[in-house]
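Here's protein-v2.txt, which has compact mmCIF, C-alpha atoms:
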```
# COMPACT_ATOMS: atom_id res chain seq x y z
CA MET A 1 7.84 -2.25 5.08
CA VAL A 2 7.90 -0.78 1.59
CA VAL A 3 11.34 0.57 0.77
CA LEU A 4 13.32 1.21 -2.33
CA GLU A 5 16.11 -1.32 -2.67
CA ASP A 6 18.56 1.48 -3.35
CA PRO A 7 17.13 4.97 -2.69
CA ARG A 8 19.95 6.56 -4.69
CA SER A 9 18.98 4.64 -7.82
CA GLY A 10 15.33 5.60 -7.30
CA ARG A 11 16.28 9.25 -6.92
CA ALA A 12 18.51 9.11 -10.00
CA ALA A 13 15.78 7.39 -12.02
CA GLY A 14 13.25 10.01 -10.95
CA LEU A 15 15.48 12.87 -11.96
CA ALA A 16 16.35 11.27 -15.28
CA ASP A 17 12.97 9.71 -16.10
CA PRO A 18 9.91 10.21 -13.87
CA GLY A 19 8.09 7.43 -15.74
CA ARG A 20 10.80 4.96 -14.84
CA LEU A 21 10.61 6.00 -11.18
CA TRP A 22 6.82 5.51 -11.26
CA GLU A 23 7.25 1.99 -12.65
CA HIS A 24 9.93 1.26 -10.06
CA LEU A 25 7.66 2.40 -7.20
CA ALA A 26 4.71 0.42 -8.55
CA GLY A 27 6.92 -2.64 -8.82
CA THR A 28 7.94 -2.42 -5.15
CA LEU A 29 4.40 -2.28 -3.77
CA ILE A 30 3.40 -5.87 -4.57
CA PRO A 31 5.21 -8.53 -2.51
CA THR A 32 6.56 -11.74 -4.00
CA ALA A 33 6.16 -13.98 -0.91
CA SER A 34 2.91 -15.35 0.51
CA SER A 35 3.18 -14.72 4.26
CA PHE A 36 0.46 -13.06 6.30
CA ALA A 37 2.05 -9.61 5.92
CA GLU A 38 2.42 -9.92 2.16
CA THR A 39 -1.15 -11.18 1.71
CA ALA A 40 -2.43 -8.41 3.98
CA ARG A 41 -0.47 -5.83 1.97
CA ILE A 42 -2.25 -6.87 -1.23
CA VAL A 43 -5.67 -6.84 0.47
CA ILE A 44 -4.94 -3.39 1.92
CA LEU A 45 -3.80 -2.09 -1.47
CA VAL A 46 -7.02 -3.33 -3.10
CA HIS A 47 -9.05 -1.58 -0.39
CA MET A 48 -6.97 1.59 -0.79
CA ALA A 49 -7.49 1.62 -4.56
CA ALA A 50 -11.23 1.00 -4.27
CA ALA A 51 -12.11 3.17 -1.26
CA GLN A 52 -13.88 6.43 -1.92
CA ASP A 53 -12.63 7.90 1.35
CA ARG A 54 -10.94 6.09 4.23
CA ILE A 55 -10.37 2.37 4.22
CA ASP A 56 -12.12 0.13 6.75
CA ILE A 57 -9.44 -1.67 8.76
CA SER A 58 -12.08 -3.99 10.27
CA ALA A 59 -13.17 -5.04 6.77
CA ILE A 60 -9.57 -5.88 5.91
CA ALA A 61 -9.23 -7.97 9.08
CA ARG A 62 -12.44 -9.81 8.18
CA THR A 63 -11.18 -10.38 4.63
CA MET A 64 -7.94 -11.86 5.96
CA THR A 65 -9.91 -14.16 8.26
CA GLU A 66 -12.12 -15.24 5.34
CA LEU A 67 -8.97 -16.01 3.35
CA GLY A 68 -8.06 -18.50 6.07
CA TRP A 69 -5.61 -16.51 8.18
CA SER A 70 -5.88 -16.70 11.97
CA HIS A 71 -3.74 -16.76 15.07
CA GLU A 72 -2.44 -20.04 16.37
CA GLY A 73 -5.30 -21.54 18.32
CA GLY A 74 -7.94 -19.98 16.12
CA PRO A 75 -8.54 -16.32 17.09
CA ALA A 76 -9.54 -14.29 14.04
CA VAL A 77 -7.38 -11.59 12.52
CA GLY A 78 -8.01 -8.26 14.23
CA ARG A 79 -7.45 -4.60 13.56
CA ASP A 80 -4.21 -4.63 15.57
CA ASP A 81 -2.81 -7.21 13.15
CA ILE A 82 -3.53 -4.95 10.18
CA TYR A 83 -2.43 -1.54 11.48
CA PRO A 84 1.37 -2.07 11.25
CA ILE A 85 1.10 -3.12 7.60
CA TRP A 86 -1.34 -0.29 6.82
CA ASN A 87 1.03 2.20 8.49
CA ASP A 88 3.96 1.02 6.33
CA LEU A 89 1.89 1.38 3.17
CA TRP A 90 0.66 4.80 4.27
CA ALA A 91 4.28 5.88 4.82
CA ALA A 92 5.02 4.90 1.21
CA LEU A 93 1.84 6.33 -0.37
CA GLY A 94 0.63 9.14 1.87
CA ASN A 95 2.92 11.74 0.34
CA VAL A 96 2.27 10.85 -3.29
CA GLY A 97 0.35 13.76 -4.81
CA GLU A 98 -1.87 16.23 -2.99
CA VAL A 99 -5.33 15.87 -1.50
CA ALA A 100 -7.56 18.94 -1.61
CA GLY A 101 -9.00 19.68 1.79
CA ARG A 102 -6.75 17.30 3.73
CA ALA A 103 -6.64 19.26 6.93
CA ARG A 104 -4.40 17.26 9.24
CA SER A 105 -1.82 14.51 9.23
CA LEU A 106 -4.29 11.96 10.64
CA ASP A 107 -6.56 12.43 7.59
CA ARG A 108 -5.41 9.40 5.61
CA ARG A 109 -7.17 10.03 2.33
CA LEU A 110 -5.10 9.11 -0.68
CA SER A 111 -4.48 11.45 -3.57
CA PRO A 112 -5.67 10.45 -7.04
CA GLU A 113 -2.00 9.99 -7.96
CA ALA A 114 -1.44 7.55 -5.08
CA VAL A 115 -4.52 5.57 -6.13
CA SER A 116 -3.16 5.48 -9.69
CA LEU A 117 0.16 4.16 -8.40
CA ILE A 118 -1.65 1.38 -6.50
CA ARG A 119 -3.71 0.48 -9.56
CA ASP A 120 -0.57 0.37 -11.69
CA ALA A 121 1.06 -1.91 -9.10
CA LEU A 122 -1.96 -4.21 -8.89
CA PHE A 123 -3.18 -4.34 -12.45
CA THR A 124 -0.23 -3.54 -14.70
CA GLU A 125 2.73 -5.78 -15.22
CA VAL A 126 5.77 -3.76 -14.24
CA LEU A 127 8.95 -5.15 -15.72
CA PRO A 128 12.16 -4.86 -13.67
CA TYR A 129 14.99 -2.72 -15.04
```
Once more with this new file: its structure as structure tokens, please.
Amino acid sequence: MVVLEDPRSGRAAGLADPGRLWEHLAGTLIPTASSFAETARIVILVHMAAAQDRIDISAIARTMTELGWSHEGGPAVGRDDIYPIWNDLWAALGNVGEVAGRARSLDRRLSPEAVSLIRDALFTEVLPY
């Protein structure tokens, strides 16, 4: 799950310096470990940043399988393995910015600002404070 280490410090940083809050949020999106969940999070973030509309959960499961991940005994990674991680990322990114025409809560299109935050997390070195 993506959480701020100390929500009070994130809130204080955002009130004092929105740029610092942005960097802090971007720095929390990319995991430092290499477990299945952390690898899946990065793959999902890449898909989220590159998708024109909704991301394809099946494509992410196939990507994880191609990267060598599987269940013990060999079954491939499936959609059900990806959804919990996707839901955590959506909880962190779904309310960043606004999406014109987003009609309902199940419409999981990201705002341009959320995509920018993902790109900053993936492709910009964010130094810790």
Exercise for the section: Please measure the separation of CA of Arg41 (chain A) and CA of Leu93 (chain A), giving the value in Å to one decimal. Expected result: 12.6 Å
Who sits within 8 Å of Ala49 (chain A), all atoms listed in the file, same chain under 3 positions skipped, as a JSON list (two decimals) with C-alpha atoms, in the frame of the given file:
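Generated output (part-v8.json):
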```
[["chain", "number", "residue", "atom", "x", "y", "z"],
["A", 45, "LEU", "CA", -3.80, -2.09, -1.47],
["A", 46, "VAL", "CA", -7.02, -3.33, -3.10],
["A", 115, "VAL", "CA", -4.52, 5.57, -6.13],
["A", 116, "SER", "CA", -3.16, 5.48, -9.69],
["A", 118, "ILE", "CA", -1.65, 1.38, -6.50],
["A", 119, "ARG", "CA", -3.71, 0.48, -9.56]]
```
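CA of Ala51 (chain A) to CA of Glu66 (chain A) spans 19.6 Å [interatomic distance, one decimal].
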Fill in the blank from the handout: re CA of Ala40 (chain A) and CA of Trp22 (chain A): distance 22.6 Å
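With all atoms listed in the file as the atoms that count, the residue of A:Arg79, A:Arg20, A:Leu89, A:Ile55 with the shortest distance to Arg109 (chain A) is A:Ile55.
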Dump as a short mmCIF file (atom, residue, chain, number, x, y, z; two decimals) with C-alpha atoms, in the coordinates of the input all residues having an atom at most 12 Å from (1.3, 8.5, 7.4), computed in the file's coordinates with all atoms listed in the file.
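Done, and the output landed in result37.cif:
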```cif
data_model
loop_
_atom_site.label_atom_id
_atom_site.label_comp_id
_atom_site.auth_asym_id
_atom_site.auth_seq_id
_atom_site.Cartn_x
_atom_site.Cartn_y
_atom_site.Cartn_z
CA TYR A 83 -2.43 -1.54 11.48
CA PRO A 84 1.37 -2.07 11.25
CA ILE A 85 1.10 -3.12 7.60
CA TRP A 86 -1.34 -0.29 6.82
CA ASN A 87 1.03 2.20 8.49
CA ASP A 88 3.96 1.02 6.33
CA LEU A 89 1.89 1.38 3.17
CA TRP A 90 0.66 4.80 4.27
CA ALA A 91 4.28 5.88 4.82
CA ALA A 92 5.02 4.90 1.21
CA LEU A 93 1.84 6.33 -0.37
CA GLY A 94 0.63 9.14 1.87
CA ASN A 95 2.92 11.74 0.34
CA VAL A 96 2.27 10.85 -3.29
CA ARG A 104 -4.40 17.26 9.24
CA SER A 105 -1.82 14.51 9.23
CA LEU A 106 -4.29 11.96 10.64
CA ASP A 107 -6.56 12.43 7.59
CA ARG A 108 -5.41 9.40 5.61
CA ARG A 109 -7.17 10.03 2.33
CA LEU A 110 -5.10 9.11 -0.68
#
```
